[in-house]
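Okay, query01.cif now, which holds mmCIF, C-alpha atoms:
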data_entry
loop_
_atom_site.label_atom_id
_atom_site.label_comp_id
_atom_site.auth_asym_id
_atom_site.auth_seq_id
_atom_site.Cartn_x
_atom_site.Cartn_y
_atom_site.Cartn_z
CA MET A 1 -6.35 -10.85 -68.62
CA SER A 2 -7.22 -7.16 -68.58
CA GLN A 3 -9.28 -5.56 -65.83
CA ASP A 4 -12.06 -4.94 -68.33
CA THR A 5 -12.52 -8.71 -68.55
CA TYR A 6 -14.17 -8.73 -65.11
CA SER A 7 -15.87 -5.34 -65.35
CA LEU A 8 -19.62 -4.96 -65.85
CA MET A 9 -19.48 -1.26 -66.72
CA ARG A 10 -16.38 -0.78 -68.85
CA GLY A 11 -18.04 -1.75 -72.09
CA GLY A 12 -20.94 -0.97 -74.37
CA LEU A 13 -21.89 1.93 -76.59
CA VAL A 14 -21.40 4.72 -74.02
CA HIS A 15 -18.00 3.38 -72.99
CA ARG A 16 -16.93 3.20 -76.63
CA VAL A 17 -17.93 6.82 -77.18
CA LEU A 18 -15.96 7.94 -74.12
CA HIS A 19 -12.99 5.85 -75.23
CA ALA A 20 -13.10 7.28 -78.75
CA SER A 21 -13.23 10.82 -77.38
CA GLY A 22 -10.11 10.18 -75.30
CA ALA A 23 -11.88 11.04 -72.05
CA LEU A 24 -10.91 7.71 -70.48
CA HIS A 25 -7.21 8.51 -70.89
CA ARG A 26 -7.13 12.19 -69.96
CA SER A 27 -8.62 12.15 -66.49
CA ARG A 28 -8.36 9.92 -63.46
CA ARG A 29 -11.51 11.51 -62.06
CA LEU A 30 -13.68 11.02 -65.07
CA SER A 31 -16.77 10.27 -62.97
CA VAL A 32 -16.49 13.62 -61.16
CA TRP A 33 -16.16 15.59 -64.38
CA LEU A 34 -18.88 13.56 -66.07
CA ALA A 35 -21.26 14.05 -63.13
CA ALA A 36 -20.60 17.79 -63.13
CA LEU A 37 -21.06 17.99 -66.90
CA LEU A 38 -24.35 16.09 -66.97
CA THR A 39 -25.73 18.00 -63.98
CA ALA A 40 -24.81 21.32 -65.54
CA LEU A 41 -26.24 20.28 -68.90
CA ALA A 42 -29.51 19.14 -67.36
CA LEU A 43 -30.00 21.89 -64.78
CA LEU A 44 -28.08 25.10 -65.64
CA PRO A 45 -29.91 26.05 -68.89
CA MET A 46 -33.20 25.24 -67.18
CA VAL A 47 -32.35 27.59 -64.31
CA LEU A 48 -31.43 30.42 -66.70
CA LEU A 49 -34.61 29.92 -68.73
CA ALA A 50 -36.80 29.81 -65.62
CA GLN A 51 -35.15 32.98 -64.33
CA ALA A 52 -35.85 34.76 -67.61
CA GLU A 53 -39.50 33.69 -67.43
CA GLY A 54 -39.86 34.67 -63.77
CA MET A 55 -40.41 31.12 -62.59
CA LEU A 56 -37.22 30.41 -60.72
CA TRP A 57 -37.93 31.55 -57.16
CA PRO A 58 -40.92 30.40 -55.07
CA ARG A 59 -44.00 32.59 -55.20
CA PRO A 60 -47.51 32.27 -53.70
CA GLY A 61 -50.01 30.13 -55.54
CA ALA A 62 -47.57 28.41 -57.89
CA MET A 63 -44.66 26.00 -57.87
CA ALA A 64 -41.41 27.60 -59.04
CA LEU A 65 -38.33 25.66 -60.13
CA PHE A 66 -36.53 26.18 -56.83
CA GLY A 67 -39.69 25.08 -55.04
CA ASP A 68 -40.01 21.88 -57.06
CA TYR A 69 -38.30 19.42 -54.75
CA ALA A 70 -38.93 16.44 -57.04
CA THR A 71 -37.06 18.03 -59.96
CA LEU A 72 -34.19 19.20 -57.76
CA ALA A 73 -33.89 15.76 -56.18
CA ARG A 74 -33.83 14.13 -59.61
CA LEU A 75 -31.32 16.38 -61.37
CA LEU A 76 -29.30 18.00 -58.59
CA LEU A 77 -28.86 14.93 -56.37
CA GLY A 78 -29.92 11.71 -58.09
CA LEU A 79 -28.18 12.24 -61.42
CA PRO A 80 -24.66 13.02 -60.08
CA LEU A 81 -25.02 10.37 -57.38
CA LEU A 82 -25.52 7.57 -59.90
CA VAL A 83 -22.60 8.77 -62.02
CA LEU A 84 -20.25 9.09 -59.04
CA ALA A 85 -21.24 5.72 -57.59
CA ALA A 86 -20.58 3.77 -60.80
CA PRO A 87 -16.75 3.43 -60.56
CA ARG A 88 -16.77 2.31 -56.93
CA ALA A 89 -19.55 -0.17 -57.63
CA ASP A 90 -17.67 -1.52 -60.63
CA ASP A 91 -14.48 -2.01 -58.59
CA LEU A 92 -16.18 -4.26 -56.04
CA LEU A 93 -18.25 -6.13 -58.61
CA ARG A 94 -15.10 -6.73 -60.63
CA SER A 95 -13.33 -8.06 -57.53
CA ALA A 96 -16.26 -10.39 -56.83
CA ILE A 97 -16.17 -11.80 -60.36
CA ARG A 98 -12.40 -12.22 -60.13
CA GLN A 99 -12.82 -14.09 -56.84
CA LEU A 100 -15.14 -16.54 -58.54
CA THR A 101 -12.28 -17.55 -60.82
CA HIS A 102 -9.48 -17.58 -58.22
CA ALA A 103 -11.09 -18.81 -54.97
CA SER A 104 -11.39 -22.53 -55.82
CA LEU A 105 -15.17 -22.20 -55.98
CA VAL A 106 -15.19 -24.08 -59.27
CA ARG A 107 -13.44 -27.38 -59.83
CA PRO A 108 -10.62 -27.34 -62.41
CA SER A 109 -12.64 -29.62 -64.66
CA ARG A 110 -15.50 -27.07 -64.65
CA GLN A 111 -13.34 -24.00 -65.25
CA PRO A 112 -14.09 -23.98 -69.01
CA ARG A 113 -17.79 -23.62 -68.18
CA LEU A 114 -17.07 -20.62 -65.96
CA ILE A 115 -14.88 -19.02 -68.63
CA ALA A 116 -17.67 -19.57 -71.18
CA LEU A 117 -20.19 -17.91 -68.83
CA LEU A 118 -17.95 -14.89 -68.26
CA THR A 119 -17.34 -14.63 -71.98
CA ARG A 120 -21.06 -14.60 -72.64
CA VAL A 121 -21.67 -11.89 -70.05
CA ARG A 122 -18.78 -9.85 -71.45
CA ARG A 123 -20.21 -10.22 -74.97
CA TYR A 124 -23.56 -8.89 -73.77
CA ARG A 125 -21.80 -6.04 -71.98
CA ASP A 126 -19.81 -5.03 -75.07
CA SER A 127 -22.79 -5.18 -77.42
CA TRP A 128 -23.99 -1.76 -78.58
CA VAL A 129 -27.60 -2.92 -78.98
CA PRO A 130 -28.72 -2.89 -75.28
CA GLU A 131 -27.39 0.60 -74.62
CA LEU A 132 -28.86 1.85 -77.88
CA VAL A 133 -32.21 0.51 -76.70
CA CYS A 134 -31.68 2.33 -73.38
CA ILE A 135 -31.07 5.58 -75.27
CA LEU A 136 -34.22 5.11 -77.34
CA ILE A 137 -36.30 4.34 -74.25
CA ALA A 138 -34.86 7.36 -72.44
CA PHE A 139 -35.68 9.87 -75.18
CA ALA A 140 -38.76 8.28 -76.79
CA PRO A 141 -41.30 9.72 -74.27
CA SER A 142 -40.20 13.24 -75.22
CA PHE A 143 -41.42 12.64 -78.78
CA TYR A 144 -44.71 10.97 -77.91
CA GLN A 145 -45.76 13.01 -74.90
CA SER A 146 -48.75 15.18 -75.77
CA GLY A 147 -49.22 18.36 -73.78
CA VAL A 148 -47.87 19.28 -70.37
CA VAL A 149 -48.87 17.12 -67.42
CA SER A 150 -49.11 19.05 -64.16
CA LEU A 151 -46.80 17.84 -61.41
CA LEU A 152 -49.59 18.27 -58.82
CA ASP A 153 -53.31 18.50 -59.57
CA GLY A 154 -54.55 22.03 -59.10
CA VAL A 155 -51.12 23.56 -58.52
CA PRO A 156 -49.63 25.64 -61.38
CA ASP A 157 -45.95 24.91 -61.87
CA TRP A 158 -42.98 26.37 -63.69
CA ARG A 159 -43.17 23.98 -66.66
CA SER A 160 -46.24 25.56 -68.22
CA GLN A 161 -47.87 28.97 -68.44
CA HIS A 162 -51.46 29.48 -69.57
CA GLY A 163 -51.54 25.87 -70.77
CA VAL A 164 -48.44 26.27 -72.96
CA ALA A 165 -45.09 24.68 -72.16
CA THR A 166 -42.39 27.12 -71.10
CA THR A 167 -38.89 26.98 -72.54
CA ALA A 168 -37.61 25.77 -69.17
CA GLY A 169 -40.26 23.03 -69.23
CA ASP A 170 -39.22 22.07 -72.76
CA TRP A 171 -35.60 21.75 -71.65
CA TYR A 172 -36.70 19.62 -68.72
CA GLY A 173 -38.73 17.34 -70.98
CA TRP A 174 -36.21 17.06 -73.81
CA VAL A 175 -32.88 17.09 -71.93
CA GLY A 176 -33.11 16.88 -68.13
CA THR A 177 -35.48 13.96 -67.68
CA PRO A 178 -34.07 11.87 -70.58
CA LEU A 179 -30.51 12.23 -69.23
CA PHE A 180 -31.57 11.03 -65.80
CA ARG A 181 -33.64 8.25 -67.31
CA LEU A 182 -30.68 7.14 -69.43
CA VAL A 183 -28.31 6.92 -66.45
CA VAL A 184 -30.88 4.87 -64.51
CA LEU A 185 -31.40 2.53 -67.47
CA LEU A 186 -27.65 1.99 -67.83
CA TRP A 187 -27.50 1.03 -64.15
CA LEU A 188 -30.45 -1.32 -64.60
CA TRP A 189 -28.73 -2.96 -67.58
CA ARG A 190 -25.70 -3.68 -65.40
CA PHE A 191 -28.07 -5.02 -62.77
CA VAL A 192 -29.51 -7.39 -65.39
CA LEU A 193 -26.01 -8.53 -66.38
CA TRP A 194 -25.14 -9.27 -62.75
CA THR A 195 -28.43 -11.15 -62.33
CA LEU A 196 -27.70 -13.19 -65.46
CA LEU A 197 -24.30 -14.11 -64.05
CA LEU A 198 -25.77 -15.28 -60.74
CA TRP A 199 -28.56 -17.15 -62.52
CA ARG A 200 -26.17 -19.18 -64.66
CA LEU A 201 -23.51 -19.61 -61.99
CA PRO A 202 -24.98 -22.74 -60.30
CA ARG A 203 -25.02 -24.51 -63.67
CA VAL A 204 -21.27 -24.10 -63.90
CA GLY A 205 -20.81 -26.52 -61.01
CA LEU A 206 -19.79 -24.77 -57.80
CA ASP A 207 -17.58 -26.55 -55.28
CA LEU A 208 -19.19 -25.29 -52.07
CA HIS A 209 -18.50 -26.29 -48.47
CA ALA A 210 -21.20 -25.82 -45.86
CA GLU A 211 -18.63 -25.68 -43.05
CA HIS A 212 -17.08 -22.51 -44.50
CA PRO A 213 -16.61 -19.93 -41.68
CA ASP A 214 -18.58 -17.22 -43.53
CA GLN A 215 -21.73 -19.37 -42.94
CA CYS A 216 -22.69 -18.94 -46.59
CA ALA A 217 -20.67 -21.85 -48.03
CA GLY A 218 -18.01 -19.42 -49.25
CA LEU A 219 -20.38 -17.08 -51.15
CA ALA A 220 -20.78 -14.30 -48.57
CA PHE A 221 -18.70 -11.97 -50.75
CA LEU A 222 -21.57 -11.91 -53.26
CA GLY A 223 -23.80 -10.23 -50.68
CA LEU A 224 -21.15 -7.58 -50.17
CA ALA A 225 -20.95 -7.04 -53.91
CA GLN A 226 -24.75 -6.82 -54.13
CA GLU A 227 -24.66 -3.83 -51.79
CA ARG A 228 -23.08 -1.75 -54.55
CA PHE A 229 -26.40 -1.61 -56.34
CA SER A 230 -27.76 0.29 -53.34
CA ALA A 231 -27.05 3.47 -55.29
CA LEU A 232 -30.29 2.72 -57.14
CA ALA A 233 -32.16 2.60 -53.82
CA VAL A 234 -30.62 5.93 -52.77
CA ALA A 235 -31.58 7.57 -56.06
CA GLY A 236 -35.09 6.15 -55.84
CA GLY A 237 -35.37 7.36 -52.25
CA LEU A 238 -34.41 10.87 -53.36
CA LEU A 239 -37.15 10.82 -55.99
CA VAL A 240 -39.74 9.57 -53.50
CA CYS A 241 -38.63 12.17 -50.95
CA GLY A 242 -38.85 15.01 -53.47
CA ALA A 243 -42.31 13.97 -54.67
CA CYS A 244 -43.57 13.60 -51.10
CA LEU A 245 -42.13 16.98 -50.10
CA ASN A 246 -44.08 18.57 -52.95
CA GLN A 247 -47.29 16.97 -51.69
CA MET A 248 -46.63 18.03 -48.10
CA VAL A 249 -45.81 21.63 -49.04
CA TYR A 250 -48.40 22.30 -51.74
CA LEU A 251 -51.24 19.88 -50.95
CA GLY A 252 -51.01 19.69 -47.17
CA VAL A 253 -50.45 15.93 -47.11
CA THR A 254 -49.12 14.70 -43.76
CA LEU A 255 -46.38 12.22 -43.05
CA HIS A 256 -48.99 9.91 -41.53
CA ASP A 257 -50.82 9.85 -44.86
CA LEU A 258 -47.61 8.77 -46.62
CA ARG A 259 -46.56 6.09 -44.16
CA HIS A 260 -47.67 3.14 -46.28
CA LEU A 261 -45.98 4.52 -49.39
CA LEU A 262 -42.69 5.12 -47.57
CA ALA A 263 -42.67 1.75 -45.81
CA GLY A 264 -43.58 0.01 -49.04
CA TYR A 265 -40.72 1.72 -50.84
CA VAL A 266 -38.10 0.72 -48.27
CA ILE A 267 -39.30 -2.89 -48.16
CA GLY A 268 -39.69 -3.10 -51.93
CA ALA A 269 -36.24 -1.63 -52.56
CA CYS A 270 -34.64 -4.20 -50.25
CA VAL A 271 -36.49 -7.06 -51.93
CA VAL A 272 -35.50 -5.92 -55.43
CA LEU A 273 -31.87 -5.41 -54.47
CA MET A 274 -31.64 -8.81 -52.80
CA SER A 275 -33.62 -10.71 -55.45
CA PRO A 276 -30.60 -11.75 -57.62
CA LEU A 277 -29.10 -13.54 -54.62
CA LEU A 278 -32.26 -15.64 -54.32
CA LEU A 279 -31.19 -17.40 -57.53
CA LEU A 280 -28.46 -19.12 -55.47
CA VAL A 281 -30.87 -20.45 -52.85
CA PRO A 282 -31.40 -23.90 -54.47
CA VAL A 283 -27.70 -24.72 -54.68
CA LEU A 284 -27.09 -23.50 -51.13
CA VAL A 285 -30.03 -25.53 -49.82
CA ARG A 286 -28.59 -28.66 -51.46
CA THR A 287 -25.14 -27.89 -50.08
CA ARG A 288 -26.47 -27.50 -46.55
CA ARG A 289 -28.69 -30.59 -46.75
CA HIS A 290 -25.94 -32.87 -48.08
CA ALA A 291 -23.50 -31.57 -45.49
CA LEU A 292 -25.95 -32.32 -42.69
CA TYR A 293 -26.39 -35.87 -44.03
CA ARG A 294 -22.63 -36.44 -44.17
CA PHE A 295 -21.88 -34.91 -40.79
CA ASP A 296 -24.77 -36.75 -39.16
CA ALA A 297 -23.26 -40.05 -40.25
CA LEU A 298 -19.79 -38.93 -39.21
CA GLY A 299 -21.18 -37.69 -35.88
CA ASN A 300 -22.67 -41.09 -35.14
CA ARG A 301 -19.31 -42.78 -35.64
CA ALA A 302 -17.49 -40.11 -33.62
CA ALA A 303 -20.00 -40.29 -30.77
CA ALA A 304 -19.86 -44.11 -30.72
CA THR A 305 -16.05 -44.11 -30.62
CA PHE A 306 -16.02 -41.48 -27.88
CA GLU A 307 -18.51 -43.44 -25.78
CA GLN A 308 -16.50 -46.66 -26.14
CA ARG A 309 -13.31 -44.95 -25.02
CA TRP A 310 -15.17 -43.23 -22.17
CA GLN A 311 -16.40 -46.60 -20.86
CA ALA A 312 -12.96 -48.09 -21.31
CA ALA A 313 -11.38 -45.22 -19.42
CA SER A 314 -13.88 -45.47 -16.58
CA GLU A 315 -13.16 -49.18 -16.16
CA ALA A 316 -9.39 -48.78 -16.36
CA THR A 317 -7.12 -48.73 -13.37
CA ALA A 318 -6.08 -45.48 -11.76
CA GLY A 319 -2.64 -45.61 -13.32
CA SER A 320 -3.85 -45.83 -16.92
CA GLU A 321 -4.15 -42.88 -19.31
CA SER A 322 -7.26 -40.75 -18.74
CA LEU A 323 -9.76 -39.82 -21.42
CA VAL A 324 -8.77 -36.16 -21.21
CA ASP A 325 -5.15 -37.03 -22.02
CA THR A 326 -6.13 -38.71 -25.29
CA GLY A 327 -7.63 -35.55 -26.78
CA ASP A 328 -10.91 -37.26 -27.67
CA ALA A 329 -12.96 -34.76 -25.63
CA SER A 330 -11.41 -31.83 -27.50
CA ALA A 331 -12.02 -33.51 -30.86
CA ILE A 332 -15.71 -34.17 -30.15
CA ALA A 333 -16.13 -30.55 -28.98
CA ASP A 334 -14.51 -29.27 -32.17
CA PHE A 335 -16.75 -31.51 -34.24
CA GLY A 336 -19.79 -30.12 -32.44
CA GLY A 337 -18.68 -26.59 -33.29
CA VAL A 338 -18.34 -27.46 -36.98
CA TYR A 339 -21.74 -29.13 -36.98
CA GLN A 340 -23.38 -26.10 -35.39
CA SER A 341 -21.84 -23.85 -38.04
CA ILE A 342 -23.48 -26.02 -40.71
CA VAL A 343 -26.83 -25.82 -38.91
CA ALA A 344 -26.50 -22.02 -38.77
CA MET A 345 -25.50 -21.76 -42.43
CA SER A 346 -27.60 -19.25 -44.39
CA VAL A 347 -29.17 -20.40 -47.64
CA ILE A 348 -29.09 -16.82 -48.95
CA PRO A 349 -25.59 -15.33 -49.38
CA VAL A 350 -26.46 -12.18 -47.48
CA THR A 351 -25.76 -11.11 -43.90
CA ARG A 352 -27.78 -8.93 -41.59
CA TRP A 353 -25.29 -6.15 -42.23
CA ASN A 354 -25.90 -6.42 -45.97
CA LEU A 355 -29.63 -6.14 -45.37
CA LEU A 356 -29.14 -3.23 -43.00
CA SER A 357 -27.00 -1.42 -45.55
CA MET A 358 -29.65 -1.88 -48.26
CA ALA A 359 -32.44 -0.75 -45.93
CA MET A 360 -30.48 2.31 -44.82
CA SER A 361 -29.75 3.21 -48.44
CA ALA A 362 -33.48 3.32 -49.12
CA ALA A 363 -34.51 4.93 -45.83
CA VAL A 364 -31.89 7.66 -45.25
CA PRO A 365 -32.98 9.80 -48.26
CA LEU A 366 -36.47 9.92 -46.70
CA LEU A 367 -35.29 11.63 -43.49
CA PRO A 368 -36.07 15.18 -44.77
CA LEU A 369 -39.73 14.17 -44.66
CA VAL A 370 -39.42 13.60 -40.92
CA LEU A 371 -37.78 17.01 -40.47
CA MET A 372 -40.58 18.56 -42.52
CA ALA A 373 -43.25 16.92 -40.36
CA PHE A 374 -41.42 17.55 -37.07
CA PRO A 375 -39.28 20.70 -36.86
CA PHE A 376 -35.73 20.03 -35.80
CA ASP A 377 -36.01 21.81 -32.45
CA ASP A 378 -39.21 19.93 -31.59
CA LEU A 379 -37.61 16.65 -32.64
CA VAL A 380 -34.55 17.30 -30.45
CA ALA A 381 -36.76 18.28 -27.52
CA LYS A 382 -38.76 15.04 -27.81
CA LEU A 383 -35.61 12.96 -28.06
CA MET A 384 -34.10 14.66 -25.03
CA GLY A 385 -37.33 14.10 -23.14
CA ILE A 386 -37.15 10.38 -23.94
CA LEU A 387 -33.45 10.06 -23.08
CA VAL A 388 -33.47 12.28 -20.01
#
With the file now loaded, output its structure as structure tokens.
Amino acid sequence: MSQDTYSLMRGGLVHRVLHASGALHRSRRLSVWLAALLTALALLPMVLLAQAEGMLWPRPGAMALFGDYATLARLLLGLPLLVLAAPRADDLLRSAIRQLTHASLVRPSRQPRLIALLTRVRRYRDSWVPELVCILIAFAPSFYQSGVVSLLDGVPDWRSQHGVATTAGDWYGWVGTPLFRLVVLLWLWRFVLWTLLLWRLPRVGLDLHAEHPDQCAGLAFLGLAQERFSALAVAGGLLVCGACLNQMVYLGVTLHDLRHLLAGYVIGACVVLMSPLLLLVPVLVRTRRHALYRFDALGNRAAATFEQRWQAASEATAGSESLVDTGDASAIADFGGVYQSIVAMSVIPVTRWNLLSMAMSAAVPLLPLVLMAFPFDDLVAKLMGILV
């Protein structure tokens, strides 16, 4: 089977266009060239047009292009980040899907169901309709938007002049924003495909074992794969950071005023990223519950046998074999360790490190807000005062 069989991204209308153009065969670093091309297409003409109109560099009383942190975060950072992160995310997601078929997680009698599920997901991935819908959604607002909406109330910005849209603003509305919106929608479509796979996976008939050492019944690798969608949290964090920087610089909003928004974003991003894994909770709860029932019954027999031999050993003569020599004590200790691993089994295939990675992906892009509120030298001085 080809690698594309397990890929969530190597398919669809955009992939077909790139394949037809020969771009997929000419460069091993297609994502780098594509990120550079899209960034240049979205930002470079806008910079030249803003320079010609005198709205490129910051000036008092107005927001210039190079003073619009939200636009720079969207097109200069967020857009190339999502393009560059796609191949690495696809590699790990593809490995996770391949592991589902080769890790004995599905009984041989249920393999046809798994193959049918993967075929359905691949058919959705290869369909040109979803990505065509994404393109329409990305560019439709440019046709229906009436007038120019100010980025900040009461603050003139580079997109309009005397109530009329500038050429740089037109480029931003017709090219820059739709390109970014399209890349985000393509990521979200892959997120939907992954969610569909996890939703239908329990119906295939998983052969899970609660005593698995990963403490997730053998599904911990899905949490690692889920981390690859953290690129969406990073991109969203950049947008939130840029918008908040604009408010702090031009409206005088403080970091304290934004605390609920920032905390809500980090928590919300983690919940959204982890939500597909919640679809596996019912099957993991059943696996853990049934394992506890079985091992409770087995533990009763093991404990009864151990107690009988202990009494027999205590009543035996000094020359007889001791209980320690029989190995029963070691066996009951090993059984206790296995039972405790079942008790500690997580019903969500995600570890604390997965959660930490998702939270950091959402929180790290917001750090410039802290540096804006607390100058770096003051921040270092306070930290040194705490540590020293």
Using only C-alpha atoms, find each residue in segment 104-209 of chain A having at least one atom no more than 6 Å away from segment 52-66 of chain A; report its shortest atom-to-atom pair and that distance in Å (one decimal), rows by chain then rising number, as CSV.
residue,atom,partner,partner_atom,distance
A:Pro156,CA,A:Ala62,CA,4.9
A:Asp157,CA,A:Met63,CA,4.3
A:Trp158,CA,A:Ala64,CA,5.1
Which residues come within 12 Å of Thr351 of chain A, counting all atoms listed in the file, excluding same-chain residues fewer than 3 positions away, as an mmCIF file with C-alpha atoms, in the coordinates of the input?
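The new file result.cif reads:
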data_model
loop_
_atom_site.group_PDB
_atom_site.id
_atom_site.type_symbol
_atom_site.label_atom_id
_atom_site.label_comp_id
_atom_site.auth_asym_id
_atom_site.auth_seq_id
_atom_site.Cartn_x
_atom_site.Cartn_y
_atom_site.Cartn_z
ATOM 1 C CA ASP A 214 -18.580 -17.220 -43.530
ATOM 2 C CA GLN A 215 -21.730 -19.370 -42.940
ATOM 3 C CA CYS A 216 -22.690 -18.940 -46.590
ATOM 4 C CA LEU A 219 -20.380 -17.080 -51.150
ATOM 5 C CA ALA A 220 -20.780 -14.300 -48.570
ATOM 6 C CA PHE A 221 -18.700 -11.970 -50.750
ATOM 7 C CA LEU A 222 -21.570 -11.910 -53.260
ATOM 8 C CA GLY A 223 -23.800 -10.230 -50.680
ATOM 9 C CA LEU A 224 -21.150 -7.580 -50.170
ATOM 10 C CA ALA A 225 -20.950 -7.040 -53.910
ATOM 11 C CA GLN A 226 -24.750 -6.820 -54.130
ATOM 12 C CA GLU A 227 -24.660 -3.830 -51.790
ATOM 13 C CA MET A 274 -31.640 -8.810 -52.800
ATOM 14 C CA LEU A 277 -29.100 -13.540 -54.620
ATOM 15 C CA MET A 345 -25.500 -21.760 -42.430
ATOM 16 C CA SER A 346 -27.600 -19.250 -44.390
ATOM 17 C CA VAL A 347 -29.170 -20.400 -47.640
ATOM 18 C CA ILE A 348 -29.090 -16.820 -48.950
ATOM 19 C CA ASN A 354 -25.900 -6.420 -45.970
ATOM 20 C CA LEU A 355 -29.630 -6.140 -45.370
ATOM 21 C CA LEU A 356 -29.140 -3.230 -43.000
ATOM 22 C CA SER A 357 -27.000 -1.420 -45.550
ATOM 23 C CA MET A 358 -29.650 -1.880 -48.260
#
Original post:
From the list A:Pro213, A:Pro141, A:Gly154, A:Pro282, which residue is nearest Leu182 of chain A when using only C-alpha atoms?
Top reply: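 Comparing A:Pro213, A:Pro141, A:Gly154, A:Pro282 against Leu182 of chain A, the winner is A:Pro141.
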Subject >> Straight-line distance linking atom CA of Asp90 of chain A with atom CA of Met9 of chain A, stated in Å to one decimal >> reply: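 Separation between atom CA of Asp90 of chain A and atom CA of Met9 of chain A: 6.4 Å.
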Original post:
Which residue gives the smallest distance to Arg120 of chain A among A:Arg181, A:Arg200, A:His212, A:Arg88, with only C-alpha atoms counted?
Top reply: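 Once distances to Arg120 of chain A are computed over only C-alpha atoms, the minimum belongs to A:Arg200.
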**OP:** May I have the residues within 9 Å of Val106 of chain A as a list in words, using only C-alpha atoms and disregarding those fewer than 3 positions away in the same chain?
**Re:**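 Neighbouring residues, sequence-local ones excluded: Leu100, Thr101, His102, Ala103, Ser109, Arg110, Gln111, Leu114, Val204, Gly205, Leu206, Asp207 and Leu208 of chain A.
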With C-alpha atoms retained, could you export that selection as a PDB file, in the frame of the given file?
ATOM      1  CA  LEU A 100     -15.140 -16.540 -58.540  1.00  0.00           C
ATOM      2  CA  THR A 101     -12.280 -17.550 -60.820  1.00  0.00           C
ATOM      3  CA  HIS A 102      -9.480 -17.580 -58.220  1.00  0.00           C
ATOM      4  CA  ALA A 103     -11.090 -18.810 -54.970  1.00  0.00           C
ATOM      5  CA  SER A 109     -12.640 -29.620 -64.660  1.00  0.00           C
ATOM      6  CA  ARG A 110     -15.500 -27.070 -64.650  1.00  0.00           C
ATOM      7  CA  GLN A 111     -13.340 -24.000 -65.250  1.00  0.00           C
ATOM      8  CA  LEU A 114     -17.070 -20.620 -65.960  1.00  0.00           C
ATOM      9  CA  VAL A 204     -21.270 -24.100 -63.900  1.00  0.00           C
ATOM     10  CA  GLY A 205     -20.810 -26.520 -61.010  1.00  0.00           C
ATOM     11  CA  LEU A 206     -19.790 -24.770 -57.800  1.00  0.00           C
ATOM     12  CA  ASP A 207     -17.580 -26.550 -55.280  1.00  0.00           C
ATOM     13  CA  LEU A 208     -19.190 -25.290 -52.070  1.00  0.00           C
TER      14      LEU A 208
END
Subject >> Residue nearest Leu369 of chain A - candidates A:Val249, A:Val281, A:Ile97, A:Ala333, atoms counted: all atoms listed in the file >> reply: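 For Leu369 of chain A, the nearest of the candidates is A:Val249.
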Original post:
Counting all atoms listed in the file, what is within 10 Å of Gly78 of chain A, bar same-chain residues fewer than 4 positions away, as a count of residues only?
Top reply: 18
